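Trainee: Pasting a structure below so you can have a look.
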Amino acid sequence: MNILVCVKRVPLTGGKMVLTADERAIETRHLGFTISPHEECGVEEAVRIVEAGGGSVTVVTLGPPEAEEQLRDTLAIGADRAILLETDGGDWDPEATAAALVEVIAAENPDLVIFGNESADAGGFQVGIRVAHALGRPIVTGLKALAVEDGGLRCEQEVGSARDVYRVPLPAVVTVKEGINLPRYPSVPAKLRARRKEVERRTPAARDPRLEMVRLIVPEGKGKQAEVLGEGPGAAPAVVGLLQKLGVA
Amino acid sequence: MSTLVFLEAADDLGLQALTFARRLDPAVEVVAVGDAPSVAAKVHLAEITGYAPQAWARAIANLGPTTVIAAGTDRGNEVLAHAAVMLDGVFAANVIAADGDTVTRQRWGGSLLEEARLHGDVKLVTVAPHAVAIEETTGEPDVQAFQPELAAGDLIARVAERVEETTAGVSLADAPVVVSGGRGVGSAEGFAPLEELAGLLGAAIGCSRAVTMAGWRPHTDQVGQTGTKISPDLYIPCGISGATQHMAGCKGAKNLLAINSDPEAPIMASADYAVIGDVLEIVPAITAELRRVRGLS
């Protein structure tokens with residue numbers, strides 16, 4: 001099966017959000033970057049399906065030139081090809097992102113397209129669905145389990161403590177959630193090999209956003225000053241006192 | 001029709017979305033599928049059996065709304081994304097405030113906000129959970145059932161069956177007390193004292209993403225933006241630094257007791273109470289003290 005996975009480069013934000021002076025981005029000078037968590041699992045899932053049944057995995061991202069780093073990470077864990085839709089790093093709204101991806105996906109014509117359920121940063125919850133409609137393919141979202149059976153897909157979605165099962169024919173689009181698998185770490189030789197692989201570059205056509213980001217805002221914290229109950233094991237009686245006060249002891 | 005609220009159910013999140021919508025347009029009408037929610041409004045009830053996101057969205061699109069509002073749940077976001085395509089609309093997920101064409105919405109699971117302008121004749125928004133307080137209204141629903149005109153393919157993706165999971169112990173999402181471990185716990189074995197304390201308190205065990213990625217705990221234990229979102233009476237994060245990824249999952253906790261060796265850790269900015277020191281020494285001491293106190297009474 002030929003699988004295409006869409007991923008997004010996002011900063012590793014750590015403990016505190018700091019914005020750039022124009023309030024249009026997170027200050028990333030001191031931050032590393034990663035693939036948005038759900039999508040990292042999407043790549044792993046694609047690699048596992050191809051390892052078990054044959055085929056190929058192509059990974060696509062829309063992002064700045066530096067997003068090559070995230071594409072190479074996917075090549076190092078088993079993706080066969082990587083395509084970078086290169087932007088200047090500015091914010092692309094969900095519709096513009098979907099339109100750029102559709103152009104590539106329609107040309108590649110994979111059997112299965114995998115997205116993350118939502119990106120870690122923008123959290124738009126719609127690019128995969130917009131792409132599925134444009135391609136005229138069924139989509140199932142938020143998967144915690146995926147299996148290829150009888151030429152179609154068996155999809156499991158978590159609903160509280162239960163699971164909803166969907167069966168859809170191929171070709172199809174799915175979005176996955178972290179927890180569907182535990183992504184592997186790349187080996188050092190695989191990382192070195194990935195460095196020599198080609199990353200295909202294209203320039204997507206930009207369009208005016210209809211969901212237009214005006215500015216970002218860091219929400220005000222609760223301004224809490226934690227009451228320190230003590231240091232080390234000696235704090236145990238104070239903690240138990242608190243548990244009793246809260247009625248949970 | 002101008003404003004339509006898609007109600008999965010008249011539960012807390014649904015009523016929050018309805019409250020949000022009424023503030024924008026007091027004449028708002030409701031669309032629902034299957035069972036009519038008990039709310040004081042005109043309810044357009046679509047006759048579709050079972051969950052089929054694209055068909056549910058088609059029912060909304062059939063009614064020709066210019067504004068659609070729903071709760072920011074998995075299904076709310078999914079159905080509105082489909083409806084946005086059908087109505088050629090612009091969709092903003094997890095909004096906390098709206099003023100004309102401008103909305104404030106959550107990014108990073110709520111760790112960051114975005115002011116955004118919506119361009120287009122049809123606008124769809126989901127309301128972030130717990131962004132508005134419910135205003136109750138009295139009255140009966142005025143239900144009008146209709147058979148949606150579905151398009152080819154609308155029912156391909158639909159729930160074929162539901163499998164109930166047998167989960168042992170206390171459910172993380174609903175537990176009144178959650179004891180969580182992070183990197184500071186040091187290993188999978190390091191969770192044993194946390195489990196002992198959780199057992200005494202009737203608490204659920206949670207963990208940070210670093211722990212799941214290390215393979216120390218299953219993902220079902222993960223609290224955070226990409227894990228379970230919890231709102232216990234008491235949350236006890238042990239050896240968790242407090243990355244935004246984690247805090248997005250425990251914002252709802254009513255009390256937070258952080259146990260951490262680093263008094264400068266980001267988690268302290270969200271903590272009500274703190275104990276400074278080694279988790280693996282402090283947690284067993286709390287368990288022993290709890291046993292001692294209980295033995296006295």
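By order in the structure tokens, chains are A, B, ...; within a chain, residues start at 1; ligands start at 1, following the order shown.
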Please identify every residue of stretch 150-234 of chain A that has at least one atom no farther than 8 Å from an atom of stretch 39-47 of chain A, counting only C-alpha atoms, and for each give the shortest atom pair and the distance in Å to one decimal, arranged by chain then increasing number, as a Markdown table.
Mentor:
| residue | atom | partner | partner_atom | distance |
| --- | --- | --- | --- | --- |
| A:Thr175 | CA | A:Gly42 | CA | 7.8 |
| A:Val176 | CA | A:Gly42 | CA | 6.2 |
| A:Lys177 | CA | A:Cys41 | CA | 7.2 |
| A:Glu178 | CA | A:Cys41 | CA | 5.8 |
| A:Gly179 | CA | A:Cys41 | CA | 7.5 |
| A:Ile180 | CA | A:Cys41 | CA | 6.8 |
| A:Asn181 | CA | A:Cys41 | CA | 6.2 |
| A:Leu182 | CA | A:Cys41 | CA | 7.0 |
| A:Pro183 | CA | A:Glu44 | CA | 5.5 |
| A:Arg184 | CA | A:Glu44 | CA | 7.2 |
Trainee: Atoms to include: N, CA and C atoms. Write the selected residues as a PDB file, in the first residue's frame.
Mentor:
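For reference, out.pdb as written:
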ATOM      1  N   THR A 175      -7.253  10.497  10.271  1.00  0.00           N
ATOM      2  CA  THR A 175      -6.424  11.273  11.182  1.00  0.00           C
ATOM      3  C   THR A 175      -6.237  10.431  12.433  1.00  0.00           C
ATOM      4  N   VAL A 176      -5.041  10.498  13.010  1.00  0.00           N
ATOM      5  CA  VAL A 176      -4.720   9.638  14.156  1.00  0.00           C
ATOM      6  C   VAL A 176      -4.387  10.497  15.369  1.00  0.00           C
ATOM      7  N   LYS A 177      -4.489   9.851  16.536  1.00  0.00           N
ATOM      8  CA  LYS A 177      -4.117  10.516  17.785  1.00  0.00           C
ATOM      9  C   LYS A 177      -2.921   9.807  18.405  1.00  0.00           C
ATOM     10  N   GLU A 178      -2.142  10.578  19.165  1.00  0.00           N
ATOM     11  CA  GLU A 178      -1.053   9.985  19.923  1.00  0.00           C
ATOM     12  C   GLU A 178      -1.620   8.868  20.794  1.00  0.00           C
ATOM     13  N   GLY A 179      -0.876   7.786  20.920  1.00  0.00           N
ATOM     14  CA  GLY A 179      -1.350   6.641  21.673  1.00  0.00           C
ATOM     15  C   GLY A 179      -1.724   5.488  20.760  1.00  0.00           C
ATOM     16  N   ILE A 180      -1.904   5.755  19.456  1.00  0.00           N
ATOM     17  CA  ILE A 180      -2.188   4.693  18.496  1.00  0.00           C
ATOM     18  C   ILE A 180      -0.994   3.741  18.437  1.00  0.00           C
ATOM     19  N   ASN A 181       0.183   4.259  18.749  1.00  0.00           N
ATOM     20  CA  ASN A 181       1.404   3.446  18.807  1.00  0.00           C
ATOM     21  C   ASN A 181       2.440   4.214  19.609  1.00  0.00           C
ATOM     22  N   LEU A 182       3.564   3.582  19.875  1.00  0.00           N
ATOM     23  CA  LEU A 182       4.680   4.280  20.512  1.00  0.00           C
ATOM     24  C   LEU A 182       5.768   4.434  19.453  1.00  0.00           C
ATOM     25  N   PRO A 183       5.976   5.665  18.950  1.00  0.00           N
ATOM     26  CA  PRO A 183       6.932   5.829  17.845  1.00  0.00           C
ATOM     27  C   PRO A 183       8.342   5.382  18.240  1.00  0.00           C
ATOM     28  N   ARG A 184       9.019   4.786  17.285  1.00  0.00           N
ATOM     29  CA  ARG A 184      10.381   4.314  17.528  1.00  0.00           C
ATOM     30  C   ARG A 184      11.363   5.486  17.501  1.00  0.00           C
TER      31      ARG A 184
END
Trainee: What residues in chain B lie within 6 Å of chain A, counting only C-alpha atoms, written as a PyMOL selection string?
Mentor: chain B and resi 81+93+107-108+112-119+158-165+219+242-244+266+269+271-277+281-282+285-286
Trainee: Could the residues in this selection be written to a file with N, CA and C atoms, as a compact mmCIF listing (two decimals), in the first residue's frame?
Mentor:
# COMPACT_ATOMS: atom_id res chain seq x y z
N ALA B 81 -16.20 20.85 10.85
CA ALA B 81 -15.20 20.90 9.77
C ALA B 81 -15.82 20.40 8.46
N ALA B 93 -11.93 26.65 15.41
CA ALA B 93 -12.16 25.70 16.50
C ALA B 93 -11.74 26.29 17.84
N ARG B 107 -5.01 28.11 20.99
CA ARG B 107 -3.96 27.33 20.34
C ARG B 107 -3.26 26.52 21.43
N TRP B 108 -2.46 25.54 21.04
CA TRP B 108 -1.66 24.77 22.01
C TRP B 108 -2.52 24.28 23.17
N LEU B 112 -1.97 29.01 24.67
CA LEU B 112 -1.77 30.25 23.93
C LEU B 112 -3.11 30.60 23.28
N LEU B 113 -3.38 31.91 23.16
CA LEU B 113 -4.61 32.34 22.51
C LEU B 113 -4.27 33.06 21.22
N GLU B 114 -5.25 33.08 20.31
CA GLU B 114 -5.08 33.74 19.03
C GLU B 114 -6.29 34.63 18.79
N GLU B 115 -6.02 35.87 18.41
CA GLU B 115 -7.11 36.72 17.93
C GLU B 115 -7.13 36.54 16.43
N ALA B 116 -8.31 36.17 15.89
CA ALA B 116 -8.39 35.87 14.46
C ALA B 116 -9.60 36.55 13.85
N ARG B 117 -9.47 36.91 12.58
CA ARG B 117 -10.58 37.51 11.86
C ARG B 117 -11.13 36.47 10.88
N LEU B 118 -12.45 36.33 10.85
CA LEU B 118 -13.10 35.35 9.98
C LEU B 118 -13.66 36.06 8.76
N HIS B 119 -13.21 35.65 7.58
CA HIS B 119 -13.67 36.24 6.33
C HIS B 119 -14.58 35.25 5.62
N ARG B 158 -19.13 5.68 8.95
CA ARG B 158 -20.13 5.69 10.03
C ARG B 158 -19.74 4.65 11.06
N VAL B 159 -20.22 4.85 12.28
CA VAL B 159 -19.89 3.90 13.35
C VAL B 159 -20.58 2.58 13.06
N ALA B 160 -19.78 1.52 12.91
CA ALA B 160 -20.32 0.20 12.62
C ALA B 160 -20.66 -0.54 13.90
N GLU B 161 -19.86 -0.34 14.92
CA GLU B 161 -20.13 -0.98 16.21
C GLU B 161 -19.38 -0.26 17.31
N ARG B 162 -19.87 -0.42 18.53
CA ARG B 162 -19.17 0.14 19.69
C ARG B 162 -18.66 -0.98 20.55
N VAL B 163 -17.38 -0.92 20.91
CA VAL B 163 -16.77 -1.93 21.76
C VAL B 163 -16.51 -1.31 23.12
N GLU B 164 -17.10 -1.88 24.16
CA GLU B 164 -16.86 -1.37 25.51
C GLU B 164 -15.54 -1.93 26.01
N GLU B 165 -14.76 -1.06 26.64
CA GLU B 165 -13.48 -1.51 27.18
C GLU B 165 -13.64 -1.79 28.66
N HIS B 219 0.03 4.98 27.19
CA HIS B 219 -0.48 6.30 26.81
C HIS B 219 -1.81 6.63 27.49
N GLY B 242 6.18 20.63 34.36
CA GLY B 242 5.08 21.56 34.04
C GLY B 242 5.19 22.18 32.67
N ALA B 243 5.58 21.39 31.67
CA ALA B 243 5.61 21.87 30.29
C ALA B 243 4.18 22.22 29.87
N THR B 244 4.05 23.12 28.90
CA THR B 244 2.73 23.55 28.45
C THR B 244 1.91 22.35 27.98
N PRO B 266 8.55 25.21 36.29
CA PRO B 266 7.35 25.94 35.82
C PRO B 266 6.06 25.48 36.49
N ALA B 269 4.25 27.64 39.18
CA ALA B 269 3.41 28.80 38.85
C ALA B 269 1.93 28.42 38.80
N ALA B 271 0.83 25.78 40.88
CA ALA B 271 0.58 24.96 42.07
C ALA B 271 -0.07 25.79 43.18
N ASP B 272 -1.00 25.15 43.93
CA ASP B 272 -1.54 25.77 45.13
C ASP B 272 -0.66 25.43 46.33
N TYR B 273 -0.13 24.20 46.30
CA TYR B 273 0.72 23.71 47.40
C TYR B 273 1.94 23.03 46.79
N ALA B 274 3.04 23.04 47.54
CA ALA B 274 4.25 22.40 47.03
C ALA B 274 5.03 21.75 48.15
N VAL B 275 5.68 20.63 47.79
CA VAL B 275 6.68 20.03 48.67
C VAL B 275 7.94 19.92 47.83
N ILE B 276 9.05 20.40 48.37
CA ILE B 276 10.30 20.42 47.63
C ILE B 276 11.18 19.26 48.07
N GLY B 277 11.65 18.46 47.10
CA GLY B 277 12.56 17.38 47.44
C GLY B 277 12.39 16.19 46.52
N GLU B 281 11.55 9.81 48.00
CA GLU B 281 11.61 9.82 49.48
C GLU B 281 10.30 10.36 50.06
N ILE B 282 9.76 11.38 49.38
CA ILE B 282 8.60 12.08 49.94
C ILE B 282 7.32 11.25 49.83
N ALA B 285 6.91 8.56 52.39
CA ALA B 285 6.71 9.17 53.72
C ALA B 285 5.26 9.60 53.89
N ILE B 286 4.66 10.12 52.81
CA ILE B 286 3.24 10.53 52.88
C ILE B 286 2.36 9.30 53.09
Trainee: Residues of stretch 88-170 of chain B classed as strand (DSSP E or B) by DSSP on the backbone are to be reported as number ranges by chain.
Mentor: B: 90-99, 102-107, 112-118, 123-127, 142-146, 159-164
Trainee: Keeping only C-alpha atoms, write the selected residues as a compact mmCIF listing (two decimals), in the first residue's frame.
Mentor:
# COMPACT_ATOMS: atom_id res chain seq x y z
CA VAL B 90 -14.61 29.50 7.42
CA PHE B 91 -14.22 27.39 10.57
CA ALA B 92 -12.54 28.40 13.84
CA ALA B 93 -12.16 25.70 16.50
CA ASN B 94 -12.10 26.19 20.27
CA VAL B 95 -13.20 29.81 20.46
CA ILE B 96 -13.52 31.48 23.86
CA ALA B 97 -14.92 34.88 22.78
CA ALA B 98 -16.42 36.47 19.68
CA ASP B 99 -16.99 40.09 18.69
CA THR B 102 -13.19 38.68 15.30
CA VAL B 103 -12.78 35.69 17.59
CA THR B 104 -10.36 34.70 20.32
CA ARG B 105 -9.48 31.04 20.05
CA GLN B 106 -7.23 28.53 21.76
CA ARG B 107 -3.96 27.33 20.34
CA LEU B 112 -1.77 30.25 23.93
CA LEU B 113 -4.61 32.34 22.51
CA GLU B 114 -5.08 33.74 19.03
CA GLU B 115 -7.11 36.72 17.93
CA ALA B 116 -8.39 35.87 14.46
CA ARG B 117 -10.58 37.51 11.86
CA LEU B 118 -13.10 35.35 9.98
CA LYS B 123 -18.88 31.23 9.72
CA LEU B 124 -18.58 28.17 11.92
CA VAL B 125 -17.10 28.10 15.40
CA THR B 126 -16.77 25.56 18.18
CA VAL B 127 -16.72 26.81 21.75
CA ASP B 142 -40.24 23.14 19.68
CA VAL B 143 -39.19 20.07 17.71
CA GLN B 144 -39.39 19.87 13.94
CA ALA B 145 -38.15 16.56 12.54
CA PHE B 146 -36.70 16.43 9.06
CA VAL B 159 -19.89 3.90 13.35
CA ALA B 160 -20.32 0.20 12.62
CA GLU B 161 -20.13 -0.98 16.21
CA ARG B 162 -19.17 0.14 19.69
CA VAL B 163 -16.77 -1.93 21.76
CA GLU B 164 -16.86 -1.37 25.51
Trainee: For the structure I just gave you, how does DSSP split stretch 49-275 of chain B - specifically, which residues are alpha helix (DSSP H)? Reply as a ChimeraX atom specification.
Mentor: /B:53-62,74-86,192-201,209-213,244-247
Trainee: Next, dump the selected residues to file, keeping only C-alpha atoms, as a PDB file, in the first residue's frame.
Mentor:
ATOM      1  CA  PRO B  53     -19.989  12.699  10.699  1.00  0.00           C
ATOM      2  CA  GLN B  54     -20.421  13.664   7.059  1.00  0.00           C
ATOM      3  CA  ALA B  55     -24.161  12.880   7.106  1.00  0.00           C
ATOM      4  CA  TRP B  56     -24.611  14.843  10.340  1.00  0.00           C
ATOM      5  CA  ALA B  57     -22.831  17.789   8.743  1.00  0.00           C
ATOM      6  CA  ARG B  58     -25.078  17.474   5.671  1.00  0.00           C
ATOM      7  CA  ALA B  59     -28.122  17.842   7.926  1.00  0.00           C
ATOM      8  CA  ILE B  60     -26.671  21.144   9.181  1.00  0.00           C
ATOM      9  CA  ALA B  61     -25.843  22.302   5.658  1.00  0.00           C
ATOM     10  CA  ASN B  62     -29.392  21.437   4.478  1.00  0.00           C
ATOM     11  CA  ASP B  74     -14.188  15.604  19.182  1.00  0.00           C
ATOM     12  CA  ARG B  75     -17.502  15.285  17.375  1.00  0.00           C
ATOM     13  CA  GLY B  76     -18.313  19.007  17.460  1.00  0.00           C
ATOM     14  CA  ASN B  77     -15.024  19.870  15.781  1.00  0.00           C
ATOM     15  CA  GLU B  78     -15.353  17.002  13.313  1.00  0.00           C
ATOM     16  CA  VAL B  79     -18.924  17.723  12.225  1.00  0.00           C
ATOM     17  CA  LEU B  80     -18.325  21.469  11.870  1.00  0.00           C
ATOM     18  CA  ALA B  81     -15.203  20.902   9.767  1.00  0.00           C
ATOM     19  CA  HIS B  82     -17.300  18.800   7.360  1.00  0.00           C
ATOM     20  CA  ALA B  83     -20.109  21.388   7.407  1.00  0.00           C
ATOM     21  CA  ALA B  84     -17.590  24.166   6.680  1.00  0.00           C
ATOM     22  CA  VAL B  85     -16.620  22.435   3.432  1.00  0.00           C
ATOM     23  CA  MET B  86     -20.270  21.906   2.425  1.00  0.00           C
ATOM     24  CA  ALA B 192       5.361   1.695  42.631  1.00  0.00           C
ATOM     25  CA  PRO B 193       5.264   4.161  45.561  1.00  0.00           C
ATOM     26  CA  LEU B 194       2.903   6.435  43.562  1.00  0.00           C
ATOM     27  CA  GLU B 195       0.591   3.489  42.986  1.00  0.00           C
ATOM     28  CA  GLU B 196       0.648   2.657  46.685  1.00  0.00           C
ATOM     29  CA  LEU B 197      -0.362   6.209  47.626  1.00  0.00           C
ATOM     30  CA  ALA B 198      -2.990   6.315  44.862  1.00  0.00           C
ATOM     31  CA  GLY B 199      -4.428   3.031  46.139  1.00  0.00           C
ATOM     32  CA  LEU B 200      -4.871   4.489  49.637  1.00  0.00           C
ATOM     33  CA  LEU B 201      -6.526   7.644  48.259  1.00  0.00           C
ATOM     34  CA  ARG B 209       4.333  12.714  28.031  1.00  0.00           C
ATOM     35  CA  ALA B 210       8.034  12.154  28.771  1.00  0.00           C
ATOM     36  CA  VAL B 211       7.064   9.058  30.750  1.00  0.00           C
ATOM     37  CA  THR B 212       4.901   7.639  27.959  1.00  0.00           C
ATOM     38  CA  MET B 213       7.587   8.295  25.366  1.00  0.00           C
ATOM     39  CA  THR B 244       2.726  23.551  28.448  1.00  0.00           C
ATOM     40  CA  GLN B 245       1.897  20.159  26.874  1.00  0.00           C
ATOM     41  CA  HIS B 246       1.188  18.791  30.357  1.00  0.00           C
ATOM     42  CA  MET B 247      -0.528  21.848  31.826  1.00  0.00           C
TER      43      MET B 247
END
Trainee: So which one's closest to B:Gly186, B:Ala17, B:Ile240, B:Pro26, B:Leu45? Using only C-alpha atoms, please.
Mentor: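 Closest to B:Gly186 of all the choices is B:Ile240.
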Trainee: Write out as a PyMOL selection string each polymer residue whose atoms come within 8 Å of A:Pro11, counting only C-alpha atoms; drop sequence neighbours fewer than 6 positions from it.
Mentor: chain A and resi 28+31-34
Trainee: Can you pull out every residue within 10 Å of A:Ser56, counting only C-alpha atoms, but drop anything in the same chain fewer than 5 positions away, and send it as a ChimeraX atom specification?
Mentor: /A:1-4,46-47,49-51,78-81,110
Trainee: Restricted to N, CA and C atoms, what would the selected residues look like written as a PDB file, in the first residue's frame?
Mentor:
ATOM      1  N   MET A   1       0.840  -1.191   0.000  1.00  0.00           N
ATOM      2  CA  MET A   1       0.000   0.000   0.000  1.00  0.00           C
ATOM      3  C   MET A   1       0.883   1.252   0.000  1.00  0.00           C
ATOM      4  N   ASN A   2       0.520   2.204  -0.834  1.00  0.00           N
ATOM      5  CA  ASN A   2       1.261   3.463  -0.841  1.00  0.00           C
ATOM      6  C   ASN A   2       0.570   4.455   0.093  1.00  0.00           C
ATOM      7  N   ILE A   3       1.331   4.938   1.066  1.00  0.00           N
ATOM      8  CA  ILE A   3       0.761   5.799   2.118  1.00  0.00           C
ATOM      9  C   ILE A   3       1.457   7.154   2.091  1.00  0.00           C
ATOM     10  N   LEU A   4       0.671   8.199   2.233  1.00  0.00           N
ATOM     11  CA  LEU A   4       1.230   9.545   2.311  1.00  0.00           C
ATOM     12  C   LEU A   4       0.845  10.133   3.666  1.00  0.00           C
ATOM     13  N   ALA A  46       2.247   4.450   9.523  1.00  0.00           N
ATOM     14  CA  ALA A  46       2.452   4.196   8.093  1.00  0.00           C
ATOM     15  C   ALA A  46       3.617   3.236   7.875  1.00  0.00           C
ATOM     16  N   VAL A  47       4.715   3.470   8.604  1.00  0.00           N
ATOM     17  CA  VAL A  47       5.902   2.620   8.450  1.00  0.00           C
ATOM     18  C   VAL A  47       5.569   1.182   8.859  1.00  0.00           C
ATOM     19  N   ILE A  49       2.604  -0.312   8.745  1.00  0.00           N
ATOM     20  CA  ILE A  49       1.719  -0.942   7.755  1.00  0.00           C
ATOM     21  C   ILE A  49       2.539  -1.422   6.553  1.00  0.00           C
ATOM     22  N   VAL A  50       3.488  -0.591   6.123  1.00  0.00           N
ATOM     23  CA  VAL A  50       4.310  -0.941   4.959  1.00  0.00           C
ATOM     24  C   VAL A  50       5.295  -2.059   5.311  1.00  0.00           C
ATOM     25  N   GLU A  51       5.837  -2.047   6.513  1.00  0.00           N
ATOM     26  CA  GLU A  51       6.722  -3.139   6.939  1.00  0.00           C
ATOM     27  C   GLU A  51       5.979  -4.479   6.902  1.00  0.00           C
ATOM     28  N   GLY A  78      12.037   5.289   8.634  1.00  0.00           N
ATOM     29  CA  GLY A  78      11.524   4.342   7.644  1.00  0.00           C
ATOM     30  C   GLY A  78      10.711   4.904   6.503  1.00  0.00           C
ATOM     31  N   ALA A  79      10.482   6.237   6.475  1.00  0.00           N
ATOM     32  CA  ALA A  79       9.784   6.797   5.322  1.00  0.00           C
ATOM     33  C   ALA A  79      10.685   6.688   4.095  1.00  0.00           C
ATOM     34  N   ASP A  80      10.080   6.516   2.913  1.00  0.00           N
ATOM     35  CA  ASP A  80      10.859   6.333   1.686  1.00  0.00           C
ATOM     36  C   ASP A  80      11.159   7.648   0.989  1.00  0.00           C
ATOM     37  N   ARG A  81      10.182   8.560   0.994  1.00  0.00           N
ATOM     38  CA  ARG A  81      10.355   9.838   0.296  1.00  0.00           C
ATOM     39  C   ARG A  81       9.863  10.974   1.174  1.00  0.00           C
ATOM     40  N   PRO A 110      -1.957   8.409  -3.467  1.00  0.00           N
ATOM     41  CA  PRO A 110      -1.707   7.292  -2.537  1.00  0.00           C
ATOM     42  C   PRO A 110      -3.003   6.557  -2.196  1.00  0.00           C
TER      43      PRO A 110
END
Trainee: I'd like the interatomic distance between atom CA of A:Leu62 and atom CA of B:Gly120, to a tenth of an Å.
Mentor: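 The value is 24.2 Å.
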Trainee: Would you mind reading off the distance between atom CA of B:Leu155 and atom CA of B:Ala52, one decimal, in Å?
Mentor: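 If I compute the distance from atom CA of B:Leu155 to atom CA of B:Ala52, I get 6.0 Å.
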Trainee: Quick one: residues within 6 Å of B:Val30, only C-alpha atoms counted, chain neighbours fewer than 5 positions away excluded, as number ranges by chain?
Mentor: B: 4-6, 43
Trainee: Skip stretch 72-76 of chain A itself and residues of its chain fewer than 2 positions away, then list as a list in words all residues within 6 Å of it, counting only C-alpha atoms.
Mentor: Glu69, Gln70, Gly78, Ala79, Pro186, Ala190, Lys191 and Ala194 of chain A
Trainee: What does the distance between atom CA of A:Ala147 and atom CA of A:Val5 come to in Å, to one decimal place?
Mentor: 16.1 Å
Trainee: Using only C-alpha atoms for the distances, tell me which of B:Asp88, B:Gly72, B:Glu47, B:Ser2 is nearest to B:Ala27.
Mentor: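 Answer, going by the shortest atom-to-atom distance: B:Ser2.
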Trainee: From the set A:Asp111, A:Lys197, A:Pro204, A:Gly152, which residue has the shortest atom-to-atom contact distance to B:Ala157, counting only C-alpha atoms?
Mentor: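 Among the listed residues, the smallest separation from B:Ala157 belongs to A:Gly152.
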